[in-house]
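Worksheet: one structure, shown below.
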Amino acid sequence: MALILGIESSCDETAAAVVRDGEQQLSSVVASQLAHSQYGGVVPEIAAREHLRAIAPVVRKALSDAKVTPEHLSAIAVTQGPGLAGALLVGISYAKALAFALDKPLIAVNHLEGHIHAVLLEQRQAGNHALDFPVLSLVVSGGHTHLYLCEQHGESWTYELIGRTRDDAAGEAFDKVAKLLGLGYPGGPVIDKLSKFGDPHGVRFAPVQIKHEARKVSKRYAQAGKPVPHSHDFSYSGMKTAVLRHVETHNMRDAIEQRRAALAQLTKPTIDQVRNLTDPHTIDLVASFQRAMVNDLVAKTMAAVEESGAATLLVTGGVAANSELRATFENAAGETGVRVYFPSLRLSTDNAAMIAAAAFPKFVAGAFAPEDLSAEAGLVLR
Ligand code: KG4
Ligand code: ZN
């Protein structure tokens, strides 16, 4: 039996969790940093300082919730990257010190692999151990909108990137649009909830246009002698610009600044409070923006499903918490026959259970981190 303590500190969540054998969550503790909301985005120095304050109590709580004493751990897993270097270093230093003091192996995990394993963990926990291959994963978060073809060799997984955002990540677009409209941070949850009250056809968004370069996207296609497919890339900076243009042409600035000031007075505004401060036209704009984002994400991903012949689709990362995205993917999957899986809402956004789960195959393979492990802000997933 392997009991792995996972530690995650790549962005603005300090998290720790204990997972047994990559399939049973014994605990999962997430401390979200509220300090960033007034800035409309994550401030790296604040994030690192907040991680320093939170890390010891969060790890202690994860162990006590799991009823596990440190001596009984099999290994300690930590996010190596990608993420904010200063934030990552807090988790890494803490994990290293703990591993050294307890004489336990240390395992380095890629945050994006963690998001994919959030789905695998919960599927295994529910008794679903055998996914049909090919498996395609959409990791859609504040920092990433990446499509990976995933392969399993024994316990180990490998990933081939077949599409990515060329500019803003989808979550970043949600966050920037919310900031622009004076709706606070993070933008995804508030836009998701507010959209339910708006008309998604109220404002027209032009479809996202991407210039395709003639390049090989996937060695798998080439190996299989298949024609080089369309690029599966995404692009979301234009969406944000479209909202900005709409704000300017409709003289919405004053109302936005009033809302921003009013919301700044509230520590954790409820959706009713936000809604009361938002006029119907802005709510329509928000709903239309969300619909345009969801339609583009689903259309591009389903095109990749078709071209790759994927039998299973995993949709994961913070934006996978979006209710409209889930419903639209489920409809599209129902039409094509691909099986689609999401993490629970709790495991969609950043957490450490996913890090402990992704570490399990590495534990089995004895793939431990070197003593001089350091943060890699731009770590690539392969
Ligand atoms: O995975 P995550 O917690 O952190 C990163 O790795 O980036 O994702 C955070 C992102 C933020 O951009 C946030 O606005 C977005 O996920 N998000 C959502 C929702 N909940 C969180 N986006 C759309 N709808 C949601 N319900
Ligand atoms: Zn994440």
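FYI, nothing fancy with the structure tokens labels: chains A, B, ... in order, residues from 1 per chain, ligands from 1 as they appear.
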Counting only C-alpha atoms and all ligand atoms, which residues of chain A sit at most 12 Å from some atom of ligand 2, and what is each one's closest atom pair with its distance in Å to one decimal, listed by chain and rising residue number, as JSON lines?
```
{"residue": "A:Glu8", "atom": "CA", "partner": "ligand 2", "partner_atom_place_in_ligand_line": "1 (Zn)", "distance": 9.5}
{"residue": "A:Ser9", "atom": "CA", "partner": "ligand 2", "partner_atom_place_in_ligand_line": "1 (Zn)", "distance": 9.8}
{"residue": "A:Ser10", "atom": "CA", "partner": "ligand 2", "partner_atom_place_in_ligand_line": "1 (Zn)", "distance": 7.8}
{"residue": "A:Cys11", "atom": "CA", "partner": "ligand 2", "partner_atom_place_in_ligand_line": "1 (Zn)", "distance": 7.7}
{"residue": "A:Asp12", "atom": "CA", "partner": "ligand 2", "partner_atom_place_in_ligand_line": "1 (Zn)", "distance": 9.6}
{"residue": "A:Glu13", "atom": "CA", "partner": "ligand 2", "partner_atom_place_in_ligand_line": "1 (Zn)", "distance": 9.2}
{"residue": "A:Thr14", "atom": "CA", "partner": "ligand 2", "partner_atom_place_in_ligand_line": "1 (Zn)", "distance": 11.7}
{"residue": "A:Ala15", "atom": "CA", "partner": "ligand 2", "partner_atom_place_in_ligand_line": "1 (Zn)", "distance": 11.5}
{"residue": "A:Thr79", "atom": "CA", "partner": "ligand 2", "partner_atom_place_in_ligand_line": "1 (Zn)", "distance": 10.4}
{"residue": "A:Gly81", "atom": "CA", "partner": "ligand 2", "partner_atom_place_in_ligand_line": "1 (Zn)", "distance": 10.2}
{"residue": "A:Pro82", "atom": "CA", "partner": "ligand 2", "partner_atom_place_in_ligand_line": "1 (Zn)", "distance": 9.1}
{"residue": "A:Gly83", "atom": "CA", "partner": "ligand 2", "partner_atom_place_in_ligand_line": "1 (Zn)", "distance": 8.6}
{"residue": "A:Leu84", "atom": "CA", "partner": "ligand 2", "partner_atom_place_in_ligand_line": "1 (Zn)", "distance": 11.4}
{"residue": "A:Asn110", "atom": "CA", "partner": "ligand 2", "partner_atom_place_in_ligand_line": "1 (Zn)", "distance": 10.2}
{"residue": "A:His111", "atom": "CA", "partner": "ligand 2", "partner_atom_place_in_ligand_line": "1 (Zn)", "distance": 6.4}
{"residue": "A:Leu112", "atom": "CA", "partner": "ligand 2", "partner_atom_place_in_ligand_line": "1 (Zn)", "distance": 6.8}
{"residue": "A:Glu113", "atom": "CA", "partner": "ligand 2", "partner_atom_place_in_ligand_line": "1 (Zn)", "distance": 9.7}
{"residue": "A:Gly114", "atom": "CA", "partner": "ligand 2", "partner_atom_place_in_ligand_line": "1 (Zn)", "distance": 8.2}
{"residue": "A:His115", "atom": "CA", "partner": "ligand 2", "partner_atom_place_in_ligand_line": "1 (Zn)", "distance": 6.5}
{"residue": "A:Ile116", "atom": "CA", "partner": "ligand 2", "partner_atom_place_in_ligand_line": "1 (Zn)", "distance": 10.1}
{"residue": "A:His117", "atom": "CA", "partner": "ligand 2", "partner_atom_place_in_ligand_line": "1 (Zn)", "distance": 11.8}
{"residue": "A:Ala118", "atom": "CA", "partner": "ligand 2", "partner_atom_place_in_ligand_line": "1 (Zn)", "distance": 10.6}
{"residue": "A:Val139", "atom": "CA", "partner": "ligand 2", "partner_atom_place_in_ligand_line": "1 (Zn)", "distance": 8.5}
{"residue": "A:Val140", "atom": "CA", "partner": "ligand 2", "partner_atom_place_in_ligand_line": "1 (Zn)", "distance": 8.3}
{"residue": "A:Ser141", "atom": "CA", "partner": "ligand 2", "partner_atom_place_in_ligand_line": "1 (Zn)", "distance": 5.8}
{"residue": "A:Gly142", "atom": "CA", "partner": "ligand 2", "partner_atom_place_in_ligand_line": "1 (Zn)", "distance": 6.9}
{"residue": "A:Gly143", "atom": "CA", "partner": "ligand 2", "partner_atom_place_in_ligand_line": "1 (Zn)", "distance": 7.2}
{"residue": "A:His144", "atom": "CA", "partner": "ligand 2", "partner_atom_place_in_ligand_line": "1 (Zn)", "distance": 8.0}
{"residue": "A:Thr145", "atom": "CA", "partner": "ligand 2", "partner_atom_place_in_ligand_line": "1 (Zn)", "distance": 10.7}
{"residue": "A:His146", "atom": "CA", "partner": "ligand 2", "partner_atom_place_in_ligand_line": "1 (Zn)", "distance": 11.8}
{"residue": "A:Ala169", "atom": "CA", "partner": "ligand 2", "partner_atom_place_in_ligand_line": "1 (Zn)", "distance": 11.5}
{"residue": "A:Gly171", "atom": "CA", "partner": "ligand 2", "partner_atom_place_in_ligand_line": "1 (Zn)", "distance": 10.0}
{"residue": "A:Glu172", "atom": "CA", "partner": "ligand 2", "partner_atom_place_in_ligand_line": "1 (Zn)", "distance": 11.7}
{"residue": "A:Thr316", "atom": "CA", "partner": "ligand 2", "partner_atom_place_in_ligand_line": "1 (Zn)", "distance": 8.9}
{"residue": "A:Gly317", "atom": "CA", "partner": "ligand 2", "partner_atom_place_in_ligand_line": "1 (Zn)", "distance": 5.6}
{"residue": "A:Gly318", "atom": "CA", "partner": "ligand 2", "partner_atom_place_in_ligand_line": "1 (Zn)", "distance": 6.3}
{"residue": "A:Val319", "atom": "CA", "partner": "ligand 2", "partner_atom_place_in_ligand_line": "1 (Zn)", "distance": 9.4}
{"residue": "A:Ala320", "atom": "CA", "partner": "ligand 2", "partner_atom_place_in_ligand_line": "1 (Zn)", "distance": 10.6}
{"residue": "A:Ala321", "atom": "CA", "partner": "ligand 2", "partner_atom_place_in_ligand_line": "1 (Zn)", "distance": 11.7}
{"residue": "A:Leu347", "atom": "CA", "partner": "ligand 2", "partner_atom_place_in_ligand_line": "1 (Zn)", "distance": 9.8}
{"residue": "A:Ser348", "atom": "CA", "partner": "ligand 2", "partner_atom_place_in_ligand_line": "1 (Zn)", "distance": 8.1}
{"residue": "A:Thr349", "atom": "CA", "partner": "ligand 2", "partner_atom_place_in_ligand_line": "1 (Zn)", "distance": 6.0}
{"residue": "A:Asp350", "atom": "CA", "partner": "ligand 2", "partner_atom_place_in_ligand_line": "1 (Zn)", "distance": 4.7}
{"residue": "A:Asn351", "atom": "CA", "partner": "ligand 2", "partner_atom_place_in_ligand_line": "1 (Zn)", "distance": 7.9}
{"residue": "A:Ala352", "atom": "CA", "partner": "ligand 2", "partner_atom_place_in_ligand_line": "1 (Zn)", "distance": 10.2}
{"residue": "A:Met354", "atom": "CA", "partner": "ligand 2", "partner_atom_place_in_ligand_line": "1 (Zn)", "distance": 9.9}
{"residue": "A:Ile355", "atom": "CA", "partner": "ligand 2", "partner_atom_place_in_ligand_line": "1 (Zn)", "distance": 10.5}
```
Residue selection dump (N, CA and C atoms) as a compact mmCIF listing (two decimals), in the first residue's frame:
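Result file selection23.txt:
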```
# COMPACT_ATOMS: atom_id res chain seq x y z
N GLU A 8 0.83 21.13 -3.25
CA GLU A 8 0.65 21.95 -4.46
C GLU A 8 0.69 23.44 -4.08
N SER A 9 1.52 24.21 -4.79
CA SER A 9 1.60 25.65 -4.50
C SER A 9 1.98 26.44 -5.75
N SER A 10 1.47 26.01 -6.93
CA SER A 10 1.96 26.62 -8.17
C SER A 10 1.37 27.99 -8.46
N CYS A 11 0.19 28.27 -7.89
CA CYS A 11 -0.44 29.56 -8.21
C CYS A 11 -0.97 30.20 -6.92
N ASP A 12 -2.27 30.30 -6.75
CA ASP A 12 -2.79 30.99 -5.56
C ASP A 12 -3.59 30.07 -4.64
N GLU A 13 -3.35 28.76 -4.73
CA GLU A 13 -3.95 27.83 -3.79
C GLU A 13 -2.83 27.07 -3.10
N THR A 14 -2.88 27.04 -1.75
CA THR A 14 -1.93 26.20 -1.01
C THR A 14 -2.70 24.93 -0.69
N ALA A 15 -2.20 23.78 -1.15
CA ALA A 15 -2.98 22.56 -0.98
C ALA A 15 -2.12 21.38 -0.57
N THR A 79 4.42 19.64 -6.62
CA THR A 79 4.36 20.24 -7.96
C THR A 79 5.68 20.93 -8.27
N GLY A 81 6.24 22.32 -11.46
CA GLY A 81 5.91 23.36 -12.43
C GLY A 81 4.87 22.81 -13.36
N PRO A 82 4.33 23.54 -14.30
CA PRO A 82 4.57 24.97 -14.49
C PRO A 82 3.81 25.80 -13.46
N GLY A 83 4.23 27.05 -13.30
CA GLY A 83 3.57 27.93 -12.34
C GLY A 83 4.48 29.10 -12.01
N LEU A 84 4.15 29.80 -10.94
CA LEU A 84 4.94 30.95 -10.51
C LEU A 84 6.16 30.44 -9.74
N ASN A 110 4.36 17.21 -12.57
CA ASN A 110 3.97 18.31 -13.45
C ASN A 110 2.51 18.66 -13.12
N HIS A 111 2.25 19.94 -12.89
CA HIS A 111 0.91 20.40 -12.51
C HIS A 111 -0.16 19.97 -13.53
N LEU A 112 0.20 19.99 -14.81
CA LEU A 112 -0.78 19.64 -15.86
C LEU A 112 -1.09 18.14 -15.83
N GLU A 113 -0.08 17.35 -15.54
CA GLU A 113 -0.31 15.91 -15.37
C GLU A 113 -1.22 15.70 -14.16
N GLY A 114 -1.03 16.54 -13.14
CA GLY A 114 -1.90 16.48 -11.97
C GLY A 114 -3.36 16.69 -12.38
N HIS A 115 -3.63 17.71 -13.18
CA HIS A 115 -5.02 17.96 -13.59
C HIS A 115 -5.62 16.74 -14.31
N ILE A 116 -4.81 16.10 -15.15
CA ILE A 116 -5.31 14.91 -15.87
C ILE A 116 -5.60 13.79 -14.86
N HIS A 117 -4.72 13.64 -13.88
CA HIS A 117 -4.90 12.57 -12.90
C HIS A 117 -6.01 12.85 -11.90
N ALA A 118 -6.48 14.09 -11.84
CA ALA A 118 -7.66 14.37 -11.00
C ALA A 118 -8.84 13.53 -11.52
N VAL A 139 -6.84 20.20 -21.03
CA VAL A 139 -6.52 20.84 -19.74
C VAL A 139 -6.81 22.32 -19.92
N VAL A 140 -7.85 22.79 -19.26
CA VAL A 140 -8.31 24.16 -19.52
C VAL A 140 -8.40 24.90 -18.18
N SER A 141 -7.43 25.82 -17.99
CA SER A 141 -7.31 26.46 -16.68
C SER A 141 -6.94 27.93 -16.85
N GLY A 142 -6.46 28.52 -15.75
CA GLY A 142 -6.07 29.93 -15.81
C GLY A 142 -4.80 30.13 -16.61
N GLY A 143 -3.97 29.10 -16.69
CA GLY A 143 -2.69 29.24 -17.38
C GLY A 143 -2.60 28.43 -18.66
N HIS A 144 -3.54 27.50 -18.88
CA HIS A 144 -3.40 26.57 -20.00
C HIS A 144 -4.71 26.28 -20.71
N THR A 145 -4.59 26.10 -22.02
CA THR A 145 -5.67 25.50 -22.80
C THR A 145 -4.94 24.56 -23.73
N HIS A 146 -4.71 23.34 -23.25
CA HIS A 146 -3.83 22.41 -23.94
C HIS A 146 -4.56 21.09 -24.20
N ALA A 169 -4.97 31.85 -22.17
CA ALA A 169 -5.67 30.62 -21.81
C ALA A 169 -7.14 30.97 -21.60
N GLY A 171 -9.17 30.29 -19.11
CA GLY A 171 -9.42 30.83 -17.77
C GLY A 171 -8.95 32.28 -17.64
N GLU A 172 -7.84 32.55 -18.32
CA GLU A 172 -7.30 33.91 -18.32
C GLU A 172 -8.30 34.86 -18.98
N THR A 316 -10.47 18.79 -17.96
CA THR A 316 -10.02 19.05 -16.60
C THR A 316 -9.35 20.42 -16.47
N GLY A 317 -9.13 20.87 -15.23
CA GLY A 317 -8.59 22.21 -14.98
C GLY A 317 -9.72 23.13 -14.52
N GLY A 318 -9.36 24.28 -13.99
CA GLY A 318 -10.34 25.18 -13.37
C GLY A 318 -11.57 25.46 -14.23
N VAL A 319 -11.37 25.69 -15.52
CA VAL A 319 -12.50 26.05 -16.39
C VAL A 319 -13.44 24.85 -16.59
N ALA A 320 -12.93 23.63 -16.34
CA ALA A 320 -13.79 22.45 -16.43
C ALA A 320 -14.89 22.48 -15.37
N ALA A 321 -14.79 23.41 -14.42
CA ALA A 321 -15.86 23.57 -13.43
C ALA A 321 -17.06 24.29 -14.04
N LEU A 347 -12.22 18.96 -7.46
CA LEU A 347 -10.93 18.57 -8.04
C LEU A 347 -10.70 19.19 -9.42
N SER A 348 -11.62 20.04 -9.88
CA SER A 348 -11.40 20.72 -11.18
C SER A 348 -10.36 21.81 -11.00
N THR A 349 -10.53 22.62 -9.98
CA THR A 349 -9.57 23.69 -9.71
C THR A 349 -8.39 23.11 -8.93
N ASP A 350 -7.38 23.95 -8.70
CA ASP A 350 -6.14 23.44 -8.13
C ASP A 350 -6.34 22.76 -6.78
N ASN A 351 -5.66 21.63 -6.62
CA ASN A 351 -5.75 20.85 -5.38
C ASN A 351 -4.51 19.96 -5.33
N ALA A 352 -4.33 19.26 -4.22
CA ALA A 352 -3.12 18.43 -4.09
C ALA A 352 -3.43 16.95 -4.23
N MET A 354 -4.76 15.61 -6.74
CA MET A 354 -4.34 15.29 -8.11
C MET A 354 -2.82 15.12 -8.20
N ILE A 355 -2.09 15.84 -7.37
CA ILE A 355 -0.62 15.73 -7.39
C ILE A 355 -0.20 14.39 -6.77
```
Could you please write out, as a CSV table (one decimal) with N, CA, C and O atoms, in the first residue's frame, every residue of region 10-244 of chain A that DSSP assigns to strand (DSSP E)?
```csv
chain,number,residue,atom,x,y,z
A,13,GLU,N,-3.3,28.8,-4.7
A,13,GLU,CA,-3.9,27.8,-3.8
A,13,GLU,C,-2.8,27.1,-3.1
A,13,GLU,O,-2.0,26.5,-3.8
A,14,THR,N,-2.9,27.0,-1.8
A,14,THR,CA,-1.9,26.2,-1.0
A,14,THR,C,-2.7,24.9,-0.7
A,14,THR,O,-3.7,25.0,0.0
A,15,ALA,N,-2.2,23.8,-1.2
A,15,ALA,CA,-3.0,22.6,-1.0
A,15,ALA,C,-2.1,21.4,-0.6
A,15,ALA,O,-0.9,21.3,-0.9
A,16,ALA,N,-2.7,20.5,0.2
A,16,ALA,CA,-2.1,19.2,0.6
A,16,ALA,C,-3.1,18.2,0.7
A,16,ALA,O,-4.3,18.5,1.0
A,17,ALA,N,-2.7,16.9,0.4
A,17,ALA,CA,-3.7,15.8,0.4
A,17,ALA,C,-3.0,14.5,0.6
A,17,ALA,O,-1.8,14.4,0.2
A,18,VAL,N,-3.7,13.5,1.1
A,18,VAL,CA,-3.1,12.2,1.2
A,18,VAL,C,-4.0,11.3,0.4
A,18,VAL,O,-5.2,11.3,0.5
A,19,VAL,N,-3.3,10.5,-0.6
A,19,VAL,CA,-4.0,9.6,-1.5
A,19,VAL,C,-3.4,8.2,-1.3
A,19,VAL,O,-2.2,8.1,-1.3
A,20,ARG,N,-4.3,7.2,-1.2
A,20,ARG,CA,-3.8,5.8,-1.2
A,20,ARG,C,-3.8,5.2,-2.6
A,20,ARG,O,-4.8,5.2,-3.2
A,24,GLN,N,-7.5,6.4,-3.8
A,24,GLN,CA,-8.4,6.7,-2.7
A,24,GLN,C,-8.0,8.0,-2.0
A,24,GLN,O,-6.9,8.0,-1.4
A,25,GLN,N,-8.8,9.0,-2.1
A,25,GLN,CA,-8.5,10.2,-1.4
A,25,GLN,C,-8.8,10.1,0.1
A,25,GLN,O,-9.9,9.8,0.5
A,26,LEU,N,-7.8,10.2,1.0
A,26,LEU,CA,-8.0,10.1,2.4
A,26,LEU,C,-8.2,11.5,3.0
A,26,LEU,O,-8.8,11.7,4.0
A,27,SER,N,-7.6,12.5,2.3
A,27,SER,CA,-7.9,13.9,2.7
A,27,SER,C,-7.5,14.8,1.5
A,27,SER,O,-6.7,14.4,0.6
A,28,SER,N,-8.1,16.0,1.5
A,28,SER,CA,-7.7,17.0,0.5
A,28,SER,C,-8.0,18.4,1.1
A,28,SER,O,-9.2,18.7,1.3
A,29,VAL,N,-7.0,19.2,1.4
A,29,VAL,CA,-7.1,20.5,2.0
A,29,VAL,C,-6.7,21.6,1.0
A,29,VAL,O,-5.6,21.4,0.4
A,30,VAL,N,-7.5,22.6,0.8
A,30,VAL,CA,-7.1,23.6,-0.2
A,30,VAL,C,-7.4,25.0,0.5
A,30,VAL,O,-8.5,25.2,1.0
A,31,ALA,N,-6.3,25.8,0.6
A,31,ALA,CA,-6.5,27.1,1.2
A,31,ALA,C,-6.3,28.1,0.0
A,31,ALA,O,-5.3,28.2,-0.6
A,32,SER,N,-7.5,28.8,-0.3
A,32,SER,CA,-7.4,29.8,-1.4
A,32,SER,C,-7.0,31.1,-0.9
A,32,SER,O,-7.5,31.5,0.2
A,75,ALA,N,5.7,8.3,0.5
A,75,ALA,CA,6.5,9.3,-0.3
A,75,ALA,C,5.8,10.7,-0.2
A,75,ALA,O,4.6,10.8,0.2
A,76,ILE,N,6.6,11.7,-0.6
A,76,ILE,CA,6.0,13.0,-0.6
A,76,ILE,C,6.1,13.5,-2.0
A,76,ILE,O,7.2,13.5,-2.6
A,77,ALA,N,5.0,14.0,-2.6
A,77,ALA,CA,5.0,14.5,-4.0
A,77,ALA,C,4.7,15.9,-4.0
A,77,ALA,O,4.0,16.5,-3.1
A,78,VAL,N,5.3,16.6,-4.9
A,78,VAL,CA,5.2,18.1,-4.9
A,78,VAL,C,5.2,18.6,-6.4
A,78,VAL,O,5.8,18.0,-7.3
A,79,THR,N,4.4,19.6,-6.6
A,79,THR,CA,4.4,20.2,-8.0
A,79,THR,C,5.7,20.9,-8.3
A,79,THR,O,6.1,21.8,-7.5
A,80,GLN,N,6.3,20.5,-9.4
A,80,GLN,CA,7.6,21.2,-9.8
A,80,GLN,C,7.3,22.3,-10.7
A,80,GLN,O,8.1,23.3,-10.8
A,81,GLY,N,6.2,22.3,-11.5
A,81,GLY,CA,5.9,23.4,-12.4
A,81,GLY,C,4.9,22.8,-13.4
A,81,GLY,O,4.5,21.6,-13.2
A,106,LEU,N,11.1,11.6,-2.4
A,106,LEU,CA,10.4,12.8,-2.9
A,106,LEU,C,10.1,12.6,-4.4
A,106,LEU,O,10.9,12.1,-5.2
A,107,ILE,N,8.8,13.0,-4.8
A,107,ILE,CA,8.4,12.8,-6.2
A,107,ILE,C,8.0,14.1,-6.8
A,107,ILE,O,7.2,14.8,-6.2
A,108,ALA,N,8.6,14.5,-8.0
A,108,ALA,CA,8.2,15.7,-8.6
A,108,ALA,C,7.1,15.5,-9.6
A,108,ALA,O,7.1,14.5,-10.4
A,109,VAL,N,6.1,16.3,-9.6
A,109,VAL,CA,4.9,16.2,-10.5
A,109,VAL,C,4.7,17.4,-11.3
A,109,VAL,O,4.8,18.5,-10.8
A,110,ASN,N,4.4,17.2,-12.6
A,110,ASN,CA,4.0,18.3,-13.4
A,110,ASN,C,2.5,18.7,-13.1
A,110,ASN,O,1.6,17.8,-13.1
A,135,VAL,N,-7.0,8.1,-25.6
A,135,VAL,CA,-7.5,9.1,-24.6
A,135,VAL,C,-7.0,10.5,-24.9
A,135,VAL,O,-5.8,10.7,-25.1
A,136,LEU,N,-7.9,11.4,-25.1
A,136,LEU,CA,-7.6,12.8,-25.3
A,136,LEU,C,-7.9,13.6,-24.1
A,136,LEU,O,-9.0,13.4,-23.5
A,137,SER,N,-7.0,14.5,-23.7
A,137,SER,CA,-7.3,15.3,-22.5
A,137,SER,C,-7.3,16.8,-22.9
A,137,SER,O,-6.3,17.3,-23.5
A,138,LEU,N,-8.3,17.5,-22.5
A,138,LEU,CA,-8.3,19.0,-22.6
A,138,LEU,C,-8.0,19.5,-21.2
A,138,LEU,O,-8.8,19.3,-20.3
A,139,VAL,N,-6.8,20.2,-21.0
A,139,VAL,CA,-6.5,20.8,-19.7
A,139,VAL,C,-6.8,22.3,-19.9
A,139,VAL,O,-6.1,23.0,-20.7
A,140,VAL,N,-7.8,22.8,-19.3
A,140,VAL,CA,-8.3,24.2,-19.5
A,140,VAL,C,-8.4,24.9,-18.2
A,140,VAL,O,-9.3,24.6,-17.4
A,145,THR,N,-4.6,26.1,-22.0
A,145,THR,CA,-5.7,25.5,-22.8
A,145,THR,C,-4.9,24.6,-23.7
A,145,THR,O,-4.5,24.9,-24.8
A,146,HIS,N,-4.7,23.3,-23.3
A,146,HIS,CA,-3.8,22.4,-23.9
A,146,HIS,C,-4.6,21.1,-24.2
A,146,HIS,O,-5.3,20.6,-23.3
A,147,LEU,N,-4.3,20.6,-25.4
A,147,LEU,CA,-4.9,19.2,-25.8
A,147,LEU,C,-3.8,18.2,-25.8
A,147,LEU,O,-2.8,18.4,-26.6
A,148,TYR,N,-3.9,17.1,-25.1
A,148,TYR,CA,-2.9,16.1,-25.1
A,148,TYR,C,-3.5,14.7,-25.5
A,148,TYR,O,-4.6,14.4,-25.0
A,149,LEU,N,-2.8,14.0,-26.4
A,149,LEU,CA,-3.1,12.6,-26.5
A,149,LEU,C,-2.3,11.8,-25.5
A,149,LEU,O,-1.1,12.0,-25.4
A,150,CYS,N,-3.0,11.0,-24.7
A,150,CYS,CA,-2.4,10.4,-23.6
A,150,CYS,C,-2.2,8.9,-23.8
A,150,CYS,O,-3.2,8.2,-24.3
A,151,GLU,N,-1.1,8.3,-23.5
A,151,GLU,CA,-0.8,6.9,-23.6
A,151,GLU,C,-0.4,6.3,-22.3
A,151,GLU,O,0.2,7.0,-21.5
A,152,GLN,N,-0.8,5.1,-22.0
A,152,GLN,CA,-0.4,4.4,-20.8
A,152,GLN,C,0.5,3.2,-21.1
A,152,GLN,O,0.1,2.4,-22.0
A,153,HIS,N,1.7,3.2,-20.5
A,153,HIS,CA,2.6,2.0,-20.7
A,153,HIS,C,2.8,1.4,-19.4
A,153,HIS,O,3.5,2.0,-18.5
A,156,SER,N,2.8,3.7,-16.2
A,156,SER,CA,3.3,5.1,-16.6
A,156,SER,C,2.5,5.7,-17.7
A,156,SER,O,2.0,5.0,-18.6
A,157,TRP,N,2.4,7.0,-17.7
A,157,TRP,CA,1.7,7.7,-18.7
A,157,TRP,C,2.6,8.6,-19.5
A,157,TRP,O,3.6,9.2,-18.9
A,158,THR,N,2.3,8.8,-20.8
A,158,THR,CA,3.0,9.8,-21.6
A,158,THR,C,2.0,10.7,-22.3
A,158,THR,O,0.8,10.2,-22.5
A,159,TYR,N,2.4,11.9,-22.7
A,159,TYR,CA,1.5,12.8,-23.2
A,159,TYR,C,2.1,13.5,-24.5
A,159,TYR,O,3.2,13.9,-24.5
A,160,GLU,N,1.2,13.6,-25.5
A,160,GLU,CA,1.7,14.3,-26.7
A,160,GLU,C,0.8,15.5,-26.9
A,160,GLU,O,-0.5,15.4,-27.1
A,161,LEU,N,1.4,16.7,-27.0
A,161,LEU,CA,0.6,17.9,-27.2
A,161,LEU,C,0.2,18.0,-28.6
A,161,LEU,O,1.0,18.0,-29.5
A,162,ILE,N,-1.1,18.1,-28.9
A,162,ILE,CA,-1.6,18.3,-30.2
A,162,ILE,C,-2.3,19.6,-30.5
A,162,ILE,O,-2.7,19.9,-31.6
A,163,GLY,N,-2.5,20.4,-29.4
A,163,GLY,CA,-3.1,21.7,-29.6
A,163,GLY,C,-2.9,22.6,-28.4
A,163,GLY,O,-2.8,22.0,-27.3
A,164,ARG,N,-2.8,23.9,-28.5
A,164,ARG,CA,-2.6,24.7,-27.4
A,164,ARG,C,-3.1,26.1,-27.7
A,164,ARG,O,-3.2,26.5,-28.9
```
Atomic distance CA of Gly378 (chain A) - CA of His51 (chain A), expressed in Å with one decimal: 19.6 Å
Extract, using only C-alpha atoms, all DNA, RNA and protein residues at most 8 Å from region 288-294 of chain A, discarding same-chain residues fewer than 2 positions from it, and format them as an MDAnalysis selection string. chainID A and resid 170 191:192 195 198:205 207 239 243 284:286 296:298 324:325 328
Neighbouring residues of Leu120 (chain A) were defined as those with any atom within 10 Å, considering only C-alpha atoms; residues of the same chain fewer than 2 positions away were excluded. Please report them as a list of chain:residue names. A:Gly22, A:Glu23, A:Gly114, A:His115, A:Ile116, A:His117, A:Ala118, A:Glu122, A:Gln123, A:Arg124, A:Gln125, A:Ala126, A:Asn128, A:His129, A:Ala130, A:Leu131, A:Leu314, A:Tyr341, A:Phe342, A:Pro343, A:Met354, A:Ala357, A:Ala358
Let me make sure I understand: among A:Ala262, A:Leu52, A:Ala356, A:Leu345, which one has the smallest atom-to-atom distance to Leu277 (chain A) if we use only C-alpha atoms? A:Ala262
Using only C-alpha atoms: which of A:Thr241, A:Thr312, A:Ser37, A:Thr278 has the shortest distance to Ile256 (chain A):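 Among A:Thr241, A:Thr312, A:Ser37, A:Thr278, it is A:Thr278 that comes nearest to Ile256 (chain A).
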List the spatial neighbours of Ala303 (chain A) as a VMD selection string - criterion: any atom at most 10 Å away, only C-alpha atoms, same-chain residues fewer than 3 positions off excluded. chain A and resid 229 to 232 298 to 300 306 to 309
Could you check the closest approach to Tyr185 (chain A) for each of A:His36, A:Lys67, A:Arg60, A:Arg259 and tell me which residue wins, using only C-alpha atoms? A:His36
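Note that the spacing between CA of Arg339 (chain A) and CA of Val315 (chain A) amounts to 10.8 Å.
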List every residue of region 136-301 of chain A that DSSP, applied to the backbone of this structure, assigns to helix (DSSP H, G or I), and report them as a PyMOL selection string. chain A and resi 170-180+187-195+219-223+237-249+253-264+271-276+280-301
Polymer residues at most 9 Å from Arg49 (chain A), only C-alpha atoms, same-chain spacing of 3 or more positions, as a PyMOL selection string: chain A and resi 44-46+52-54+86-87+90
So, with only C-alpha atoms as the atoms that count, which of A:Arg275, A:Lys96, A:Gly337, A:Ile283 lies closest to Met302 (chain A)? A:Gly337
To one decimal place, how far is CA of Asp168 (chain A) from CA of Lys240 (chain A) in Å?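 CA of Asp168 (chain A) sits 9.2 Å away from CA of Lys240 (chain A).
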